[in-house]
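Scroll down for the structure; my scribbles are underneath it.
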Amino acid sequence: MTRPCFRSLARPIALTLSCALLGTAAPAQQAPHAAADSFPRPDRPVSRIVAPRWIAEDRRDANGEAEQVMRALRIGAGSRVADIGAGEGYYVKRLAERVGPSGLVFAEDIEPRYLALLRERVDQSAWSNVRVIEGSAGDPAIPPASIDVALMIHMYHEITEPFALLHRLAPAFRAGGRLAVLDQDGPTDQHGTPPRLLLCELGALGYTRLRRERMSDGAYLIVFRAPDERTRTKSAAEVRARVAAASCRG
């Protein structure tokens, strides 16, 4: 699963959802009579993915992006982190070094080419604390109660099934778990996500905003508290009801 089209030279770490995942830039439409176990689609366009990176790694390092994100999330030795849409592994490299041998990094993507790049990089670097995960458009496939933090870096606007994915991601968090979304403030069909829309969509599924930071390149980082077992959605029907009540539109 991985990142934006216009990042043609971009994001080493993560293209976060795959072209298959992201599909087209046309607004997603629900079937008139949704199946009982079906999840709603977002009422907005979705960007396509064309490369496994955001921008060159040296440029990202010069901006201090990863360091700012990891510091804001208090990621350190022993942390367990999922990079949703890890692409080539820009964040995976830095997370693996940060969490150390007592920590764990789940490097997730859905695009076979990016997964191959990830596995090769992990093998060559001998990162014993990294697990490569093949997810799908609506399921990141992260094990239950396994992570403290999940990252979605420059890719939320590319997720074709965000409500299904957020629903299935929720059980993966340990107590006090957080989800961090880094994105540009712009139209969702131009590789951005307006913050108000992000807050609406995540809020509908029980994710609550904790803080917001401005990045050096003008992007924003919003950190959410993941819903606990009591507040998270229990079924596709409940997700549909909550999303309908929230009425989030891009």
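The way I read the labels, and the way they are meant: chains A, B, ... in the order of the structure tokens, residue 1 as the first residue of every chain, and ligand 1 as the first ligand shown, with later ones counted on from there.
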
Using backbone DSSP assignments, extract all strand (DSSP E or B) residues from stretch 5-226 of chain A; output them as a ChimeraX atom specification. /A:10,17,54,80-84,104-109,130-134,136,139,147-153,173-183,208-214,220-225

Output file for the selection above: C-alpha atoms, as a compact mmCIF listing (two decimals), in the first residue's frame:
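Full text of out_24.txt as output:
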```
# COMPACT_ATOMS: atom_id res chain seq x y z
CA ALA A 10 9.40 9.89 -3.83
CA LEU A 17 -1.31 1.39 -0.50
CA TRP A 54 7.60 10.01 -1.53
CA ARG A 80 6.26 -1.83 18.52
CA VAL A 81 5.32 0.08 15.37
CA ALA A 82 3.43 -0.63 12.14
CA ASP A 83 4.22 1.33 8.99
CA ILE A 84 1.05 1.01 6.92
CA LEU A 104 9.41 -4.66 16.54
CA VAL A 105 8.45 -3.06 13.23
CA PHE A 106 5.65 -4.33 11.00
CA ALA A 107 6.38 -3.17 7.45
CA GLU A 108 3.02 -3.47 5.66
CA ASP A 109 2.08 -2.92 2.03
CA VAL A 130 11.25 -6.21 11.13
CA ARG A 131 8.31 -8.29 9.90
CA VAL A 132 7.08 -7.69 6.34
CA ILE A 133 3.29 -7.94 6.15
CA GLU A 134 1.16 -8.33 3.02
CA SER A 136 -5.06 -5.67 1.43
CA ASP A 139 -7.17 -5.03 5.96
CA ILE A 147 1.52 -2.46 18.26
CA ASP A 148 1.90 0.77 20.22
CA VAL A 149 1.88 3.02 17.15
CA ALA A 150 0.75 2.84 13.53
CA LEU A 151 2.01 5.24 10.86
CA MET A 152 0.25 6.30 7.67
CA ILE A 153 2.74 8.48 5.85
CA PHE A 173 -3.29 -1.65 19.08
CA ARG A 174 -2.17 -2.36 22.59
CA ALA A 175 -3.56 -0.27 25.46
CA GLY A 176 -2.99 3.43 24.80
CA GLY A 177 -2.13 2.81 21.13
CA ARG A 178 -1.86 5.71 18.71
CA LEU A 179 -2.30 6.23 14.97
CA ALA A 180 -0.32 8.99 13.26
CA VAL A 181 -1.27 10.37 9.83
CA LEU A 182 1.16 12.54 7.89
CA ASP A 183 -0.32 14.24 4.84
CA THR A 208 -9.76 10.63 18.81
CA ARG A 209 -7.36 13.47 18.05
CA LEU A 210 -4.49 13.97 20.49
CA ARG A 211 -2.28 16.54 18.79
CA ARG A 212 -1.34 18.19 15.52
CA GLU A 213 2.08 19.32 14.32
CA ARG A 214 3.20 21.26 11.27
CA TYR A 220 0.71 18.15 8.84
CA LEU A 221 1.01 15.32 11.35
CA ILE A 222 -2.11 14.44 13.32
CA VAL A 223 -1.88 11.91 16.12
CA PHE A 224 -4.97 9.97 17.19
CA ARG A 225 -5.69 7.73 20.14
```

Give me, as an mmCIF file with N, CA and C atoms, in the first residue's frame, the residues of stretch 50-210 of chain A that a backbone DSSP run labels alpha helix (DSSP H).
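And here's states-v4.cif as it stands now:
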```cif
data_model
loop_
_atom_site.group_PDB
_atom_site.id
_atom_site.type_symbol
_atom_site.label_atom_id
_atom_site.label_comp_id
_atom_site.auth_asym_id
_atom_site.auth_seq_id
_atom_site.Cartn_x
_atom_site.Cartn_y
_atom_site.Cartn_z
ATOM 1 N N GLU A 57 15.409 9.884 -0.201
ATOM 2 C CA GLU A 57 15.672 9.721 1.228
ATOM 3 C C GLU A 57 16.544 10.833 1.789
ATOM 4 N N ASP A 58 17.546 11.287 1.025
ATOM 5 C CA ASP A 58 18.417 12.335 1.560
ATOM 6 C C ASP A 58 17.655 13.641 1.752
ATOM 7 N N ARG A 59 16.704 13.924 0.868
ATOM 8 C CA ARG A 59 15.899 15.138 1.030
ATOM 9 C C ARG A 59 15.005 15.030 2.256
ATOM 10 N N ARG A 60 14.453 13.876 2.492
ATOM 11 C CA ARG A 60 13.601 13.693 3.672
ATOM 12 C C ARG A 60 14.422 13.800 4.949
ATOM 13 N N ASP A 61 15.619 13.253 4.902
ATOM 14 C CA ASP A 61 16.484 13.363 6.071
ATOM 15 C C ASP A 61 16.862 14.813 6.330
ATOM 16 N N ALA A 62 17.119 15.563 5.263
ATOM 17 C CA ALA A 62 17.490 16.977 5.414
ATOM 18 C C ALA A 62 16.361 17.766 6.061
ATOM 19 N N ASN A 63 15.118 17.371 5.773
ATOM 20 C CA ASN A 63 13.958 18.044 6.371
ATOM 21 C C ASN A 63 13.693 17.588 7.804
ATOM 22 N N GLU A 65 12.155 14.934 8.715
ATOM 23 C CA GLU A 65 10.778 14.437 8.820
ATOM 24 C C GLU A 65 10.640 13.238 9.764
ATOM 25 N N ALA A 66 11.391 12.207 9.502
ATOM 26 C CA ALA A 66 11.240 10.981 10.299
ATOM 27 C C ALA A 66 11.564 11.233 11.764
ATOM 28 N N GLU A 67 12.611 12.011 12.017
ATOM 29 C CA GLU A 67 12.991 12.309 13.399
ATOM 30 C C GLU A 67 11.877 13.061 14.113
ATOM 31 N N GLN A 68 11.261 14.019 13.427
ATOM 32 C CA GLN A 68 10.172 14.775 14.038
ATOM 33 C C GLN A 68 8.976 13.868 14.342
ATOM 34 N N VAL A 69 8.664 12.985 13.400
ATOM 35 C CA VAL A 69 7.535 12.073 13.591
ATOM 36 C C VAL A 69 7.799 11.118 14.754
ATOM 37 N N MET A 70 8.967 10.514 14.785
ATOM 38 C CA MET A 70 9.268 9.547 15.839
ATOM 39 C C MET A 70 9.344 10.219 17.212
ATOM 40 N N ARG A 71 9.864 11.441 17.234
ATOM 41 C CA ARG A 71 9.927 12.169 18.501
ATOM 42 C C ARG A 71 8.526 12.519 19.000
ATOM 43 N N ALA A 72 7.666 12.976 18.088
ATOM 44 C CA ALA A 72 6.297 13.345 18.465
ATOM 45 C C ALA A 72 5.534 12.155 19.013
ATOM 46 N N TYR A 90 11.579 3.506 3.697
ATOM 47 C CA TYR A 90 12.268 4.667 4.284
ATOM 48 C C TYR A 90 12.075 4.699 5.799
ATOM 49 N N TYR A 91 10.857 4.645 6.258
ATOM 50 C CA TYR A 91 10.600 4.660 7.690
ATOM 51 C C TYR A 91 11.002 3.338 8.355
ATOM 52 N N VAL A 92 10.876 2.266 7.638
ATOM 53 C CA VAL A 92 11.231 0.966 8.210
ATOM 54 C C VAL A 92 12.680 0.973 8.674
ATOM 55 N N LYS A 93 13.559 1.477 7.860
ATOM 56 C CA LYS A 93 14.978 1.560 8.227
ATOM 57 C C LYS A 93 15.159 2.348 9.520
ATOM 58 N N ARG A 94 14.559 3.513 9.578
ATOM 59 C CA ARG A 94 14.741 4.399 10.727
ATOM 60 C C ARG A 94 14.032 3.873 11.972
ATOM 61 N N LEU A 95 12.902 3.246 11.772
ATOM 62 C CA LEU A 95 12.195 2.651 12.904
ATOM 63 C C LEU A 95 12.974 1.464 13.471
ATOM 64 N N ALA A 96 13.510 0.629 12.591
ATOM 65 C CA ALA A 96 14.260 -0.543 13.040
ATOM 66 C C ALA A 96 15.444 -0.125 13.908
ATOM 67 N N GLU A 97 16.117 0.947 13.503
ATOM 68 C CA GLU A 97 17.250 1.439 14.281
ATOM 69 C C GLU A 97 16.769 2.035 15.601
ATOM 70 N N ARG A 98 15.626 2.686 15.574
ATOM 71 C CA ARG A 98 15.111 3.395 16.747
ATOM 72 C C ARG A 98 14.589 2.441 17.830
ATOM 73 N N VAL A 99 13.829 1.436 17.425
ATOM 74 C CA VAL A 99 13.215 0.553 18.433
ATOM 75 C C VAL A 99 14.186 -0.496 18.954
ATOM 76 N N PRO A 112 2.585 -6.032 -4.614
ATOM 77 C CA PRO A 112 3.620 -7.067 -4.684
ATOM 78 C C PRO A 112 5.019 -6.540 -4.991
ATOM 79 N N ARG A 113 5.121 -5.560 -5.888
ATOM 80 C CA ARG A 113 6.452 -5.038 -6.235
ATOM 81 C C ARG A 113 7.111 -4.372 -5.036
ATOM 82 N N TYR A 114 6.326 -3.630 -4.275
ATOM 83 C CA TYR A 114 6.875 -2.943 -3.111
ATOM 84 C C TYR A 114 7.229 -3.939 -2.018
ATOM 85 N N LEU A 115 6.416 -4.957 -1.877
ATOM 86 C CA LEU A 115 6.708 -5.990 -0.888
ATOM 87 C C LEU A 115 8.018 -6.702 -1.225
ATOM 88 N N ALA A 116 8.254 -6.920 -2.514
ATOM 89 C CA ALA A 116 9.511 -7.556 -2.927
ATOM 90 C C ALA A 116 10.700 -6.658 -2.583
ATOM 91 N N LEU A 117 10.559 -5.343 -2.836
ATOM 92 C CA LEU A 117 11.617 -4.397 -2.495
ATOM 93 C C LEU A 117 11.865 -4.380 -0.986
ATOM 94 N N LEU A 118 10.786 -4.408 -0.234
ATOM 95 C CA LEU A 118 10.886 -4.412 1.223
ATOM 96 C C LEU A 118 11.632 -5.647 1.725
ATOM 97 N N ARG A 119 11.209 -6.808 1.249
ATOM 98 C CA ARG A 119 11.830 -8.053 1.714
ATOM 99 C C ARG A 119 13.322 -8.077 1.374
ATOM 100 N N GLU A 120 13.660 -7.598 0.184
ATOM 101 C CA GLU A 120 15.069 -7.564 -0.217
ATOM 102 C C GLU A 120 15.869 -6.638 0.697
ATOM 103 N N ARG A 121 15.295 -5.479 0.998
ATOM 104 C CA ARG A 121 15.999 -4.519 1.857
ATOM 105 C C ARG A 121 16.151 -5.055 3.276
ATOM 106 N N VAL A 122 15.097 -5.657 3.775
ATOM 107 C CA VAL A 122 15.152 -6.224 5.127
ATOM 108 C C VAL A 122 16.197 -7.341 5.201
ATOM 109 N N ASP A 123 16.218 -8.214 4.199
ATOM 110 C CA ASP A 123 17.185 -9.315 4.181
ATOM 111 C C ASP A 123 18.613 -8.802 4.080
ATOM 112 N N GLN A 124 18.839 -7.850 3.173
ATOM 113 C CA GLN A 124 20.194 -7.332 2.976
ATOM 114 C C GLN A 124 20.699 -6.593 4.207
ATOM 115 N N SER A 125 19.782 -5.921 4.912
ATOM 116 C CA SER A 125 20.168 -5.152 6.094
ATOM 117 C C SER A 125 20.168 -5.990 7.367
ATOM 118 N N PRO A 162 -10.903 2.973 3.351
ATOM 119 C CA PRO A 162 -10.375 3.435 4.641
ATOM 120 C C PRO A 162 -11.178 2.973 5.848
ATOM 121 N N PHE A 163 -12.498 2.872 5.719
ATOM 122 C CA PHE A 163 -13.308 2.497 6.884
ATOM 123 C C PHE A 163 -13.122 1.021 7.245
ATOM 124 N N ALA A 164 -13.022 0.173 6.235
ATOM 125 C CA ALA A 164 -12.736 -1.236 6.505
ATOM 126 C C ALA A 164 -11.347 -1.385 7.112
ATOM 127 N N LEU A 165 -10.382 -0.643 6.566
ATOM 128 C CA LEU A 165 -9.017 -0.739 7.058
ATOM 129 C C LEU A 165 -8.915 -0.246 8.498
ATOM 130 N N LEU A 166 -9.532 0.895 8.803
ATOM 131 C CA LEU A 166 -9.480 1.438 10.161
ATOM 132 C C LEU A 166 -10.178 0.516 11.157
ATOM 133 N N HIS A 167 -11.281 -0.078 10.733
ATOM 134 C CA HIS A 167 -12.010 -1.022 11.581
ATOM 135 C C HIS A 167 -11.134 -2.221 11.925
ATOM 136 N N ARG A 168 -10.446 -2.765 10.932
ATOM 137 C CA ARG A 168 -9.635 -3.966 11.147
ATOM 138 C C ARG A 168 -8.285 -3.653 11.780
ATOM 139 N N LEU A 169 -7.870 -2.396 11.686
ATOM 140 C CA LEU A 169 -6.621 -2.002 12.338
ATOM 141 C C LEU A 169 -6.800 -1.839 13.843
ATOM 142 N N PRO A 195 -7.516 18.296 6.672
ATOM 143 C CA PRO A 195 -7.557 17.834 8.065
ATOM 144 C C PRO A 195 -8.968 17.634 8.604
ATOM 145 N N ARG A 196 -9.903 18.505 8.247
ATOM 146 C CA ARG A 196 -11.285 18.371 8.738
ATOM 147 C C ARG A 196 -11.890 17.053 8.262
ATOM 148 N N LEU A 197 -11.559 16.643 7.039
ATOM 149 C CA LEU A 197 -12.073 15.386 6.510
ATOM 150 C C LEU A 197 -11.433 14.202 7.228
ATOM 151 N N LEU A 198 -10.140 14.297 7.467
ATOM 152 C CA LEU A 198 -9.443 13.225 8.183
ATOM 153 C C LEU A 198 -10.034 13.053 9.579
ATOM 154 N N LEU A 199 -10.251 14.156 10.279
ATOM 155 C CA LEU A 199 -10.819 14.094 11.630
ATOM 156 C C LEU A 199 -12.220 13.492 11.608
ATOM 157 N N CYS A 200 -12.991 13.812 10.585
ATOM 158 C CA CYS A 200 -14.349 13.293 10.472
ATOM 159 C C CYS A 200 -14.327 11.787 10.227
ATOM 160 N N GLU A 201 -13.528 11.327 9.272
ATOM 161 C CA GLU A 201 -13.524 9.912 8.923
ATOM 162 C C GLU A 201 -12.965 9.045 10.052
ATOM 163 N N LEU A 202 -11.870 9.481 10.661
ATOM 164 C CA LEU A 202 -11.314 8.684 11.756
ATOM 165 C C LEU A 202 -12.191 8.780 12.998
ATOM 166 N N GLY A 203 -12.759 9.959 13.221
ATOM 167 C CA GLY A 203 -13.627 10.126 14.369
ATOM 168 C C GLY A 203 -14.848 9.230 14.303
ATOM 169 N N ALA A 204 -15.346 8.989 13.097
ATOM 170 C CA ALA A 204 -16.523 8.132 12.940
ATOM 171 C C ALA A 204 -16.263 6.724 13.460
#
```

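The closest residue to A:Gly206, picked from A:Pro40, A:Gly89, A:Gly192, A:Pro227 and counting only C-alpha atoms, is A:Pro227.
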
How many Å lie between atom CA of A:Ile110 and atom CA of A:Gly87, rounded to one decimal?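 Atom-to-atom, atom CA of A:Ile110 to atom CA of A:Gly87, that is 9.0 Å.
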
Length of the atom CA of A:Arg240 to atom CA of A:Ala226 vector [Å]: 18.7 Å

Atom pair atom CA of A:Val239 / atom CA of A:Ala145: separation (Å): 20.6 Å

Which of these, A:Glu238, A:Pro187, A:Ile75, A:Thr231, has the shortest distance to A:Gly250 once you count only C-alpha atoms? A:Pro187

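In this comparison, which uses only C-alpha atoms, the residue of A:Thr193, A:Pro144, A:Ala236, A:Ala86 approaching A:Arg249 most closely is A:Thr193.
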